[in-house]
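Next comes query.cif, a file with mmCIF, C-alpha atoms.
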```cif
data_entry
#
loop_
_atom_site.label_atom_id
_atom_site.label_comp_id
_atom_site.auth_asym_id
_atom_site.auth_seq_id
_atom_site.Cartn_x
_atom_site.Cartn_y
_atom_site.Cartn_z
CA MET J 43 0.00 0.00 0.00
CA PRO J 44 2.19 2.87 -1.24
CA LEU J 45 2.02 6.07 0.78
CA TYR J 46 2.63 9.50 -0.72
CA ILE J 47 2.76 13.00 0.76
CA GLY J 48 1.55 16.05 -1.13
CA VAL J 49 2.70 19.57 -0.26
CA MET J 50 0.73 22.50 -1.65
CA SER J 51 1.22 26.22 -1.17
CA GLY J 52 -1.24 28.08 -3.36
CA THR J 53 -1.63 31.62 -4.61
CA SER J 54 -3.54 32.59 -1.46
CA LEU J 55 -0.27 32.15 0.47
CA ASP J 56 -2.09 31.44 3.72
CA GLY J 57 0.01 28.40 4.55
CA LEU J 58 1.24 24.95 3.55
CA ASP J 59 -1.22 22.09 3.14
CA ILE J 60 0.40 18.68 3.66
CA ALA J 61 -1.61 15.54 2.90
CA LEU J 62 -0.76 11.86 3.31
CA ILE J 63 -2.53 9.55 0.87
CA GLU J 64 -2.63 5.85 0.18
CA GLN J 65 -2.72 4.71 -3.45
CA ASN J 66 -3.98 1.14 -3.59
CA PRO J 67 -5.22 1.66 -6.35
CA ALA J 68 -8.01 3.91 -5.08
CA ILE J 69 -6.96 7.23 -3.57
CA LYS J 70 -7.48 7.45 0.17
CA LEU J 71 -6.69 10.43 2.39
CA ILE J 72 -4.95 9.16 5.54
CA ALA J 73 -3.85 12.28 7.43
CA THR J 74 -3.22 16.00 7.07
CA HIS J 75 -1.13 18.76 8.56
CA TYR J 76 -1.33 22.52 8.09
CA ILE J 77 1.33 25.14 8.78
CA PRO J 78 0.39 28.84 8.63
CA MET J 79 2.67 30.93 6.45
CA PRO J 80 4.89 33.23 8.56
CA GLU J 81 4.06 36.83 7.76
CA THR J 82 7.61 37.72 6.74
CA LEU J 83 7.78 34.81 4.29
CA ARG J 84 4.31 35.56 2.93
CA THR J 85 5.27 39.19 2.31
CA GLU J 86 8.48 38.20 0.53
CA LEU J 87 6.77 35.59 -1.66
CA LEU J 88 4.15 38.13 -2.67
CA ALA J 89 6.88 40.63 -3.52
CA LEU J 90 8.66 38.03 -5.67
CA CYS J 91 5.57 37.74 -7.86
CA ALA J 92 6.74 40.98 -9.51
CA SER J 93 10.14 42.17 -10.65
CA GLY J 94 12.31 43.79 -7.99
CA PRO J 95 15.88 44.36 -6.83
CA ASP J 96 18.17 41.38 -6.22
CA GLU J 97 15.30 39.00 -6.88
CA ILE J 98 17.48 35.98 -7.76
CA ALA J 99 19.18 35.97 -4.35
CA ARG J 100 15.91 36.85 -2.59
CA SER J 101 14.08 33.97 -4.27
CA ALA J 102 16.86 31.56 -3.27
CA ILE J 103 16.56 32.63 0.36
CA ALA J 104 12.75 32.54 0.24
CA GLN J 105 12.67 29.02 -1.16
CA HIS J 106 15.14 27.87 1.51
CA ASN J 107 12.74 29.20 4.15
CA TRP J 108 9.75 27.66 2.35
CA VAL J 109 11.45 24.24 2.24
CA SER J 110 12.43 24.43 5.91
CA LEU J 111 8.78 25.06 6.75
CA ALA J 112 7.62 22.19 4.52
CA ALA J 113 10.14 19.78 6.05
CA GLN J 114 9.02 20.79 9.54
CA GLY J 115 5.41 20.02 8.60
CA ILE J 116 6.29 16.69 6.97
CA HIS J 117 8.20 15.52 10.05
CA ALA J 118 5.26 16.56 12.25
CA LEU J 119 2.88 14.55 10.03
CA LEU J 120 5.15 11.49 10.16
CA ALA J 121 5.38 11.73 13.96
CA GLN J 122 1.61 12.11 14.20
CA GLN J 123 1.14 8.88 12.23
CA ASP J 124 4.10 7.01 13.80
CA LEU J 125 5.74 6.67 10.38
CA LYS J 126 9.37 6.77 9.29
CA PRO J 127 10.72 8.46 6.13
CA GLN J 128 11.28 5.06 4.53
CA ASP J 129 7.55 4.34 4.85
CA ILE J 130 6.79 7.08 2.31
CA ARG J 131 7.38 6.33 -1.35
CA ALA J 132 7.60 9.99 -2.39
CA ILE J 133 6.67 13.58 -1.66
CA GLY J 134 4.89 15.50 -4.40
CA SER J 135 5.91 19.11 -3.83
CA HIS J 136 4.22 21.82 -5.85
CA GLY J 137 6.46 24.58 -4.52
CA GLN J 138 5.33 28.20 -4.59
CA THR J 139 4.40 29.82 -7.88
CA ILE J 140 6.03 33.23 -8.26
CA ARG J 141 5.58 33.64 -12.04
CA HIS J 142 3.26 31.94 -14.49
CA GLU J 143 3.55 33.14 -18.08
CA PRO J 144 3.02 30.20 -20.43
CA ALA J 145 2.47 32.58 -23.38
CA ARG J 146 6.14 33.51 -22.93
CA GLY J 147 7.11 29.87 -22.45
CA PHE J 148 7.75 29.68 -18.72
CA THR J 149 6.30 29.01 -15.31
CA VAL J 150 8.30 29.32 -12.08
CA GLN J 151 7.63 27.46 -8.84
CA ILE J 152 10.30 27.83 -6.17
CA GLY J 153 10.76 25.11 -3.57
CA ASN J 154 14.30 23.62 -3.80
CA PRO J 155 13.33 19.92 -4.06
CA ALA J 156 16.96 18.83 -3.58
CA LEU J 157 17.00 20.46 -0.16
CA LEU J 158 13.58 19.01 0.70
CA THR J 159 14.95 15.54 -0.06
CA GLU J 160 17.94 16.19 2.19
CA LEU J 161 15.83 17.51 5.05
CA THR J 162 13.28 14.67 4.95
CA GLY J 163 15.19 11.63 3.65
CA ILE J 164 12.29 11.01 1.24
CA THR J 165 12.28 11.00 -2.57
CA VAL J 166 10.77 14.24 -3.87
CA VAL J 167 8.94 14.79 -7.14
CA SER J 168 8.60 18.44 -8.11
CA ASP J 169 8.46 20.87 -11.06
CA PHE J 170 5.23 19.39 -12.40
CA ARG J 171 4.24 22.25 -14.69
CA SER J 172 7.34 22.80 -16.81
CA ARG J 173 7.01 19.71 -19.02
CA ASP J 174 3.49 20.64 -20.05
CA VAL J 175 4.62 24.19 -20.90
CA ALA J 176 7.56 22.77 -22.86
CA ALA J 177 5.01 20.74 -24.86
CA GLY J 178 3.13 23.92 -25.76
CA GLY J 179 0.61 23.73 -22.93
CA GLN J 180 -0.50 26.15 -20.27
CA GLY J 181 1.02 24.12 -17.45
CA ALA J 182 -2.25 24.68 -15.59
CA PRO J 183 -4.61 23.64 -14.33
CA LEU J 184 -3.13 20.23 -13.50
CA VAL J 185 -5.84 19.06 -11.10
CA PRO J 186 -8.52 18.01 -13.65
CA ALA J 187 -6.90 14.58 -14.19
CA PHE J 188 -6.91 14.07 -10.43
CA HIS J 189 -10.48 15.29 -10.13
CA GLU J 190 -11.43 12.74 -12.79
CA ALA J 191 -9.62 9.97 -10.86
CA LEU J 192 -11.28 11.00 -7.60
CA PHE J 193 -14.81 11.92 -8.71
CA GLY J 194 -15.14 10.30 -12.14
CA GLU J 195 -16.92 7.07 -11.23
CA SER J 196 -20.44 8.52 -11.11
CA THR J 197 -22.47 9.01 -14.26
CA GLY J 198 -23.80 12.31 -15.57
CA ASN J 199 -22.24 15.70 -16.15
CA ARG J 200 -20.21 16.86 -13.20
CA ALA J 201 -17.87 19.77 -12.63
CA VAL J 202 -15.32 20.34 -9.90
CA LEU J 203 -14.58 23.94 -9.02
CA ASN J 204 -11.40 24.75 -7.15
CA VAL J 205 -11.48 28.23 -5.63
CA GLY J 206 -8.08 29.20 -4.30
CA GLY J 207 -6.36 32.43 -5.23
CA PHE J 208 -7.71 31.74 -8.71
CA SER J 209 -10.65 29.59 -9.75
CA ASN J 210 -10.49 26.66 -12.12
CA LEU J 211 -13.02 24.18 -13.40
CA SER J 212 -12.72 20.48 -14.20
CA LEU J 213 -15.49 19.22 -16.48
CA ILE J 214 -16.24 15.51 -16.15
CA GLU J 215 -18.67 13.96 -18.61
CA THR J 216 -19.13 10.22 -19.08
CA GLY J 217 -17.47 9.01 -22.26
CA LYS J 218 -15.50 12.21 -22.91
CA PRO J 219 -11.97 13.33 -21.99
CA VAL J 220 -11.89 15.55 -18.93
CA ALA J 221 -11.79 19.24 -19.79
CA GLY J 222 -10.85 22.22 -17.68
CA PHE J 223 -9.41 25.72 -17.50
CA ASP J 224 -8.88 28.70 -15.23
CA CYS J 225 -11.95 30.92 -14.92
CA GLY J 226 -10.28 34.00 -13.41
CA PRO J 227 -9.78 35.43 -9.92
CA GLY J 228 -10.97 33.28 -7.05
CA ASN J 229 -9.96 34.73 -3.70
CA VAL J 230 -6.95 36.74 -4.87
CA LEU J 231 -8.71 40.10 -5.29
CA LEU J 232 -11.05 39.54 -2.35
CA ASP J 233 -8.07 38.85 -0.11
CA ALA J 234 -6.00 41.75 -1.44
CA TRP J 235 -8.83 44.26 -1.05
CA ILE J 236 -9.80 43.29 2.49
CA HIS J 237 -6.14 43.28 3.49
CA GLN J 238 -5.64 46.77 2.14
CA GLN J 239 -8.84 48.13 3.67
CA ARG J 240 -9.07 46.26 6.96
CA GLY J 241 -5.73 44.55 7.55
CA GLU J 242 -7.32 41.08 7.38
CA HIS J 243 -5.97 38.27 5.22
CA PHE J 244 -9.38 36.99 4.07
CA ASP J 245 -13.09 37.69 4.29
CA ARG J 246 -14.36 35.06 6.71
CA ASP J 247 -17.54 33.43 5.35
CA GLY J 248 -17.76 36.32 2.87
CA GLN J 249 -19.33 38.43 5.64
CA TRP J 250 -17.86 41.74 4.52
CA ALA J 251 -18.85 41.11 0.91
CA ALA J 252 -22.36 40.20 2.07
CA SER J 253 -22.63 43.55 3.87
CA GLY J 254 -22.16 45.45 0.60
CA ARG J 255 -23.98 45.67 -2.70
CA VAL J 256 -22.80 44.87 -6.19
CA GLU J 257 -21.88 47.93 -8.27
CA PRO J 258 -22.85 47.13 -11.90
CA LEU J 259 -20.61 49.86 -13.33
CA LEU J 260 -17.55 48.39 -11.62
CA LEU J 261 -18.53 44.79 -12.37
CA ASN J 262 -18.91 45.49 -16.09
CA ALA J 263 -15.56 47.26 -16.15
CA LEU J 264 -13.84 44.29 -14.53
CA LEU J 265 -15.56 41.84 -16.83
CA SER J 266 -14.23 43.73 -19.86
CA ASP J 267 -10.75 42.26 -19.31
CA PRO J 268 -9.69 40.32 -22.45
CA PHE J 269 -8.98 37.18 -20.40
CA PHE J 270 -12.71 36.61 -19.92
CA GLU J 271 -13.29 36.64 -23.68
CA THR J 272 -10.83 33.83 -24.40
CA LYS J 273 -11.84 30.18 -24.49
CA GLY J 274 -9.88 27.33 -22.96
CA PRO J 275 -7.24 26.06 -22.77
CA LYS J 276 -6.30 29.04 -20.65
CA SER J 277 -4.67 29.83 -17.32
CA THR J 278 -3.91 32.98 -15.40
CA GLY J 279 -2.14 34.33 -12.33
CA ARG J 280 -1.07 37.37 -10.34
CA GLU J 281 0.65 38.71 -13.47
CA VAL J 282 -2.83 39.59 -14.77
CA PHE J 283 -5.15 39.94 -11.77
CA ASN J 284 -3.76 41.84 -8.81
CA LEU J 285 -4.43 44.86 -6.62
CA HIS J 286 -2.84 47.21 -9.16
CA TRP J 287 -5.23 45.89 -11.83
CA LEU J 288 -8.18 46.60 -9.51
CA THR J 289 -7.02 50.09 -8.51
CA GLN J 290 -6.52 51.03 -12.17
CA HIS J 291 -10.19 50.24 -12.81
CA LEU J 292 -11.28 52.05 -9.65
CA GLY J 293 -9.34 55.14 -10.69
CA ARG J 294 -11.45 55.47 -13.84
CA LEU J 295 -14.80 55.21 -12.03
CA PRO J 296 -16.75 57.11 -9.36
CA ALA J 297 -15.88 56.34 -5.73
CA PHE J 298 -17.58 53.28 -4.23
CA ALA J 299 -17.91 52.17 -0.62
CA PRO J 300 -15.20 49.62 0.29
CA GLN J 301 -17.73 46.94 1.22
CA ASP J 302 -19.50 47.44 -2.12
CA ILE J 303 -16.21 46.87 -3.93
CA GLN J 304 -15.81 43.65 -1.96
CA ALA J 305 -19.34 42.57 -2.90
CA THR J 306 -18.57 43.30 -6.55
CA LEU J 307 -15.35 41.28 -6.42
CA LEU J 308 -17.26 38.31 -5.03
CA GLU J 309 -19.80 38.69 -7.83
CA LEU J 310 -16.91 38.78 -10.33
CA THR J 311 -15.67 35.43 -9.04
CA ALA J 312 -19.15 33.89 -9.11
CA LYS J 313 -20.14 35.23 -12.54
CA THR J 314 -16.91 34.27 -14.30
CA VAL J 315 -17.23 30.73 -12.96
CA ILE J 316 -20.87 30.39 -13.95
CA GLU J 317 -20.46 31.92 -17.40
CA SER J 318 -17.49 29.66 -18.07
CA LEU J 319 -19.40 26.59 -16.91
CA GLN J 320 -22.57 27.38 -18.85
CA THR J 321 -20.55 27.93 -22.03
CA ALA J 322 -18.41 24.80 -21.74
CA GLN J 323 -20.85 22.33 -20.13
CA PRO J 324 -24.37 23.79 -20.04
CA GLN J 325 -26.07 20.63 -18.76
CA THR J 326 -24.00 20.29 -15.59
CA GLU J 327 -25.95 18.34 -12.98
CA THR J 328 -23.52 18.61 -10.04
CA LEU J 329 -20.95 21.26 -9.14
CA LEU J 330 -18.51 20.22 -6.41
CA VAL J 331 -16.51 23.03 -4.82
CA CYS J 332 -13.12 22.68 -3.13
CA GLY J 333 -10.39 25.04 -1.95
CA GLY J 334 -10.79 27.94 0.45
CA GLY J 335 -13.75 29.28 -1.49
CA ALA J 336 -15.84 26.33 -0.34
CA HIS J 337 -15.92 27.99 3.12
CA ASN J 338 -17.13 31.33 1.76
CA ALA J 339 -20.85 31.11 2.53
CA ALA J 340 -21.67 34.21 0.47
CA LEU J 341 -19.87 32.81 -2.58
CA MET J 342 -21.50 29.39 -2.25
CA HIS J 343 -24.91 31.08 -2.00
CA ARG J 344 -24.27 33.07 -5.17
CA LEU J 345 -23.09 30.01 -7.10
CA ALA J 346 -26.24 28.12 -6.10
CA ALA J 347 -28.46 31.10 -6.98
CA LEU J 348 -26.86 31.48 -10.41
CA LEU J 349 -27.17 27.73 -11.10
CA PRO J 350 -30.71 26.87 -9.97
CA ALA J 351 -30.84 23.64 -12.00
CA THR J 352 -27.48 22.35 -10.70
CA HIS J 353 -26.73 20.79 -7.32
CA VAL J 354 -23.97 22.91 -5.80
CA SER J 355 -22.09 21.56 -2.79
CA SER J 356 -18.69 21.15 -1.23
CA THR J 357 -16.62 18.08 -2.11
CA SER J 358 -17.29 17.01 1.48
CA THR J 359 -20.59 15.57 0.23
CA TYR J 360 -18.43 13.03 -1.64
CA GLY J 361 -16.40 12.36 1.49
CA VAL J 362 -13.42 14.54 0.52
CA ASP J 363 -12.52 17.54 2.69
CA PRO J 364 -12.38 20.58 0.37
CA ASP J 365 -9.29 21.94 2.13
CA TRP J 366 -7.10 18.99 1.13
CA VAL J 367 -8.00 18.23 -2.50
CA GLU J 368 -5.05 20.11 -4.01
CA ALA J 369 -2.44 18.68 -1.63
CA MET J 370 -3.86 15.22 -2.37
CA ALA J 371 -3.55 15.99 -6.07
CA PHE J 372 0.19 16.61 -5.86
CA ALA J 373 0.71 13.44 -3.87
CA TRP J 374 -1.12 11.63 -6.67
CA LEU J 375 0.95 13.41 -9.32
CA ALA J 376 4.10 12.09 -7.60
CA HIS J 377 2.63 8.59 -7.86
CA CYS J 378 1.92 9.10 -11.56
CA CYS J 379 5.47 10.31 -12.22
CA LEU J 380 7.11 7.34 -10.49
CA GLU J 381 4.77 4.92 -12.25
CA GLY J 382 5.36 6.49 -15.67
CA ILE J 383 1.74 7.60 -16.01
CA ALA J 384 0.98 10.71 -18.08
CA ALA J 385 -0.86 13.16 -15.84
CA ASN J 386 -1.45 16.21 -17.99
CA ARG J 387 -4.51 16.40 -20.21
CA PRO J 388 -4.10 18.09 -23.62
CA SER J 389 -7.86 18.78 -23.58
CA VAL J 390 -7.18 20.97 -20.52
CA THR J 391 -3.80 22.59 -21.09
CA GLY J 392 -3.49 22.53 -24.88
CA ALA J 393 -0.21 20.59 -24.78
CA ARG J 394 0.81 18.67 -27.91
CA GLY J 395 0.17 15.37 -26.19
CA LEU J 396 0.16 13.38 -22.98
CA ARG J 397 3.29 13.86 -20.86
CA ILE J 398 4.74 12.40 -17.66
CA LEU J 399 5.04 15.35 -15.29
CA GLY J 400 7.66 16.06 -12.65
CA ALA J 401 11.37 15.83 -11.91
CA ILE J 402 12.57 13.19 -9.44
CA TYR J 403 15.04 13.81 -6.61
CA PRO J 404 15.82 10.37 -5.14
CA ALA J 405 16.36 10.00 -1.40
#
```
Please render this file's structure as structure tokens.
Amino acid sequence: MPLYIGVMSGTSLDGLDIALIEQNPAIKLIATHYIPMPETLRTELLALCASGPDEIARSAIAQHNWVSLAAQGIHALLAQQDLKPQDIRAIGSHGQTIRHEPARGFTVQIGNPALLTELTGITVVSDFRSRDVAAGGQGAPLVPAFHEALFGESTGNRAVLNVGGFSNLSLIETGKPVAGFDCGPGNVLLDAWIHQQRGEHFDRDGQWAASGRVEPLLLNALLSDPFFETKGPKSTGREVFNLHWLTQHLGRLPAFAPQDIQATLLELTAKTVIESLQTAQPQTETLLVCGGGAHNAALMHRLAALLPATHVSSTSTYGVDPDWVEAMAFAWLAHCCLEGIAANRPSVTGARGLRILGAIYPA
């Protein structure tokens, strides 16, 4: 019964999700561990998402600190489960994305897998996105193949929505290859705006957004971004959607109350998801939501209201905690790499063909 560990640090930068899975051959979540991101490291990683002074040395130091944190969490998880490093076949480490520009032929995730191997004594598989980009793909999203493996046994048209910093959809239809793409901002603008206005890292349960009202003038301006006009395969990141992008739009419009801007940003997330889903798979029967957005009650309410004919729920209704789906996915991707199983999907990323993803750092 091979055991794998997945380590995921997403664009929300709230912390590291570490998941232990069993692959036998079904995927089973065994245990989890979460480490909050230290504020100094979070600030530096955010800064590295844009060009700045001495960024090569700064990124090397930041990834050393990131790996030290990941190793600490992995050892805590092993101790919790009374396991030794040799009990784990591999760690699938996503690293931290600091740049994602597939149109220019690159994507950068820092995470020093060689050091992670040294600190844990466990084989590490990392750098999952680069091979897909090298094959002409977007390098993202990579989770649709995992979503298909995890949720693909039922019949009917299903979709899995991951709402982290950005939102992406996996479209699962019986008898067809899985499809998927990024929809646009998930929590990234909501988090940035509430942090600027109130010093909070996220809008708990969407309460602040729910206290405001949607401003149609602002919403239409945001929806005019060319990204929303493109069809999949497509992916996006902080290079496109960030606080500067928002403030540029706000500077061209009348002043709005801060809570109304937050309400409009939540509506932007909901509408871009729904419009993408209705265009790509209009007869969706079930929408399963994972990631941090699954805990945003206001967002879940809007998704359900905009999709009255679709059953909208968290992945927890299928027995999978929404907080751990992505970390599980990278554990599974490590399994696929070591077994020589192609894990990208050209129907999702636009790559020239199926590819085995990841680079291996043996223990």
Residues matched by the PyMOL selection byres ((chain J and resi 262) around 12) as a ChimeraX atom specification: /J:256-261,263-267,270,291-292,295,306-307,309-310,313-314
Check which residues of segment 79-164 of chain J sit at most 7 Å from segment 374-388 of chain J using only C-alpha atoms, and return one row each with the closest pair of atoms and their distance in Å to one decimal, ordered by chain and rising number, as a tab-separated table.
```
residue	atom	partner	partner_atom	distance
J:Ala132	CA	J:Ala376	CA	6.6
J:Ile133	CA	J:Ala376	CA	6.6
J:Gly134	CA	J:Ala376	CA	4.7
```
Selection: 10 Å around segment 158-170 of chain J, only C-alpha atoms, excl. self and same-chain fewer than 3 positions, as number ranges by chain: J: 46-49, 106, 108-114, 116-117, 126-137, 149-155, 173-175, 181-182, 184, 372-373, 375-377, 379-380, 385-386, 398-405
8 Å contact set for segment 76-86 of chain J, all atoms listed in the file, chain neighbours under 4 positions out, as a PyMOL selection string: chain J and resi 55-60+90+104+107-108+111+115
Output of the PyMOL selection byres ((chain J and resi 361) around 12), listed as JSON, numbers by chain: {"J": [69, 70, 71, 192, 193, 330, 332, 355, 356, 357, 358, 359, 360, 362, 363, 364, 365, 366, 367]}
From J:Ile98, J:Leu288, J:Leu87, J:Ala61, residue lying nearest Gln238 of chain J [all atoms listed in the file]: J:Leu288
Best match for closeness to Val185 of chain J among J:Asn210, J:Ser172, J:Gln301, J:Ser93, counting all atoms listed in the file: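 Once distances to Val185 of chain J are computed over all atoms listed in the file, the minimum belongs to J:Asn210.
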Selected residue, from J:Glu281, J:Asn229, J:Gln105, J:Asp124, that lies nearest to Ala145 of chain J when counting all atoms listed in the file: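 Distance minimum relative to Ala145 of chain J lands on J:Glu281.
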Ground truth for the PyMOL selection byres ((chain J and resi 198) around 9), written as a list of chain:residue names: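 Selected by the PyMOL selection byres ((chain J and resi 198) around 9) here: J:Ser196, J:Thr197, J:Asn199, J:Arg200, J:Ile214, J:Glu215, J:Thr216, J:Thr326, J:Glu327, J:Thr328.
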Which segment 243-345 of chain J residues have any atom within 8 Å of an atom of segment 232-235 of chain J, and for each, what is the nearest pair of atoms with distance in Å to one decimal, counting all atoms listed in the file, rows sorted by chain and number, as a tab-separated table?
```
residue	atom	partner	partner_atom	distance
J:His243	CA	J:Asp233	CA	5.8
J:Phe244	CA	J:Asp233	CA	4.8
J:Asp245	CA	J:Asp233	CA	6.8
J:Asn284	CA	J:Ala234	CA	7.7
J:Leu285	CA	J:Ala234	CA	6.2
J:Gln304	CA	J:Leu232	CA	6.3
J:Leu307	CA	J:Leu232	CA	6.2
J:Leu308	CA	J:Leu232	CA	6.9
```
Write the residues you've just listed into a file as an mmCIF file, in the coordinates of the input, and include C-alpha atoms for each of them.
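Output file out.cif is given in full below:
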```cif
data_model
loop_
_atom_site.group_PDB
_atom_site.id
_atom_site.type_symbol
_atom_site.label_atom_id
_atom_site.label_comp_id
_atom_site.auth_asym_id
_atom_site.auth_seq_id
_atom_site.Cartn_x
_atom_site.Cartn_y
_atom_site.Cartn_z
ATOM 1 C CA HIS J 243 -5.970 38.270 5.220
ATOM 2 C CA PHE J 244 -9.380 36.990 4.070
ATOM 3 C CA ASP J 245 -13.090 37.690 4.290
ATOM 4 C CA ASN J 284 -3.760 41.840 -8.810
ATOM 5 C CA LEU J 285 -4.430 44.860 -6.620
ATOM 6 C CA GLN J 304 -15.810 43.650 -1.960
ATOM 7 C CA LEU J 307 -15.350 41.280 -6.420
ATOM 8 C CA LEU J 308 -17.260 38.310 -5.030
#
```
Interatomic distance (Å, one decimal) between atom CA of Arg141 of chain J and atom CA of Ala305 of chain J: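 These atoms are spaced 28.0 Å apart.
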Atom pair atom CA of Thr74 of chain J / atom CA of Ser51 of chain J: separation (Å):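 Atom CA of Ser51 of chain J lies 13.9 Å from atom CA of Thr74 of chain J.
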Polymer residues at most 10 Å from Ala89 of chain J, all atoms listed in the file, same-chain spacing of 5 or more positions, as a VMD selection string: chain J and resid 83 to 84 94 97 100 to 101 140
Residue among J:Phe148, J:Ala73, J:Ala221, J:Thr139 lying closest to Ala121 of chain J, counting all atoms listed in the file: J:Ala73
Pick from J:Thr321, J:Thr311, J:Gln138, J:Gln65 nearest to Cys91 of chain J, counting all atoms listed in the file: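 Smallest separation from Cys91 of chain J among the options: J:Gln138.
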Distance in Å - atom CA of Val205 of chain J versus atom CA of Leu231 of chain J: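 One can read the atom CA of Val205 of chain J to atom CA of Leu231 of chain J distance as 12.2 Å.
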J:Pro95, J:Gly194, J:Gly274, J:Gly334 ranked by distance to Lys218 of chain J, top pick (using all atoms listed in the file):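 Among J:Pro95, J:Gly194, J:Gly274, J:Gly334, it is J:Gly194 that comes nearest to Lys218 of chain J.
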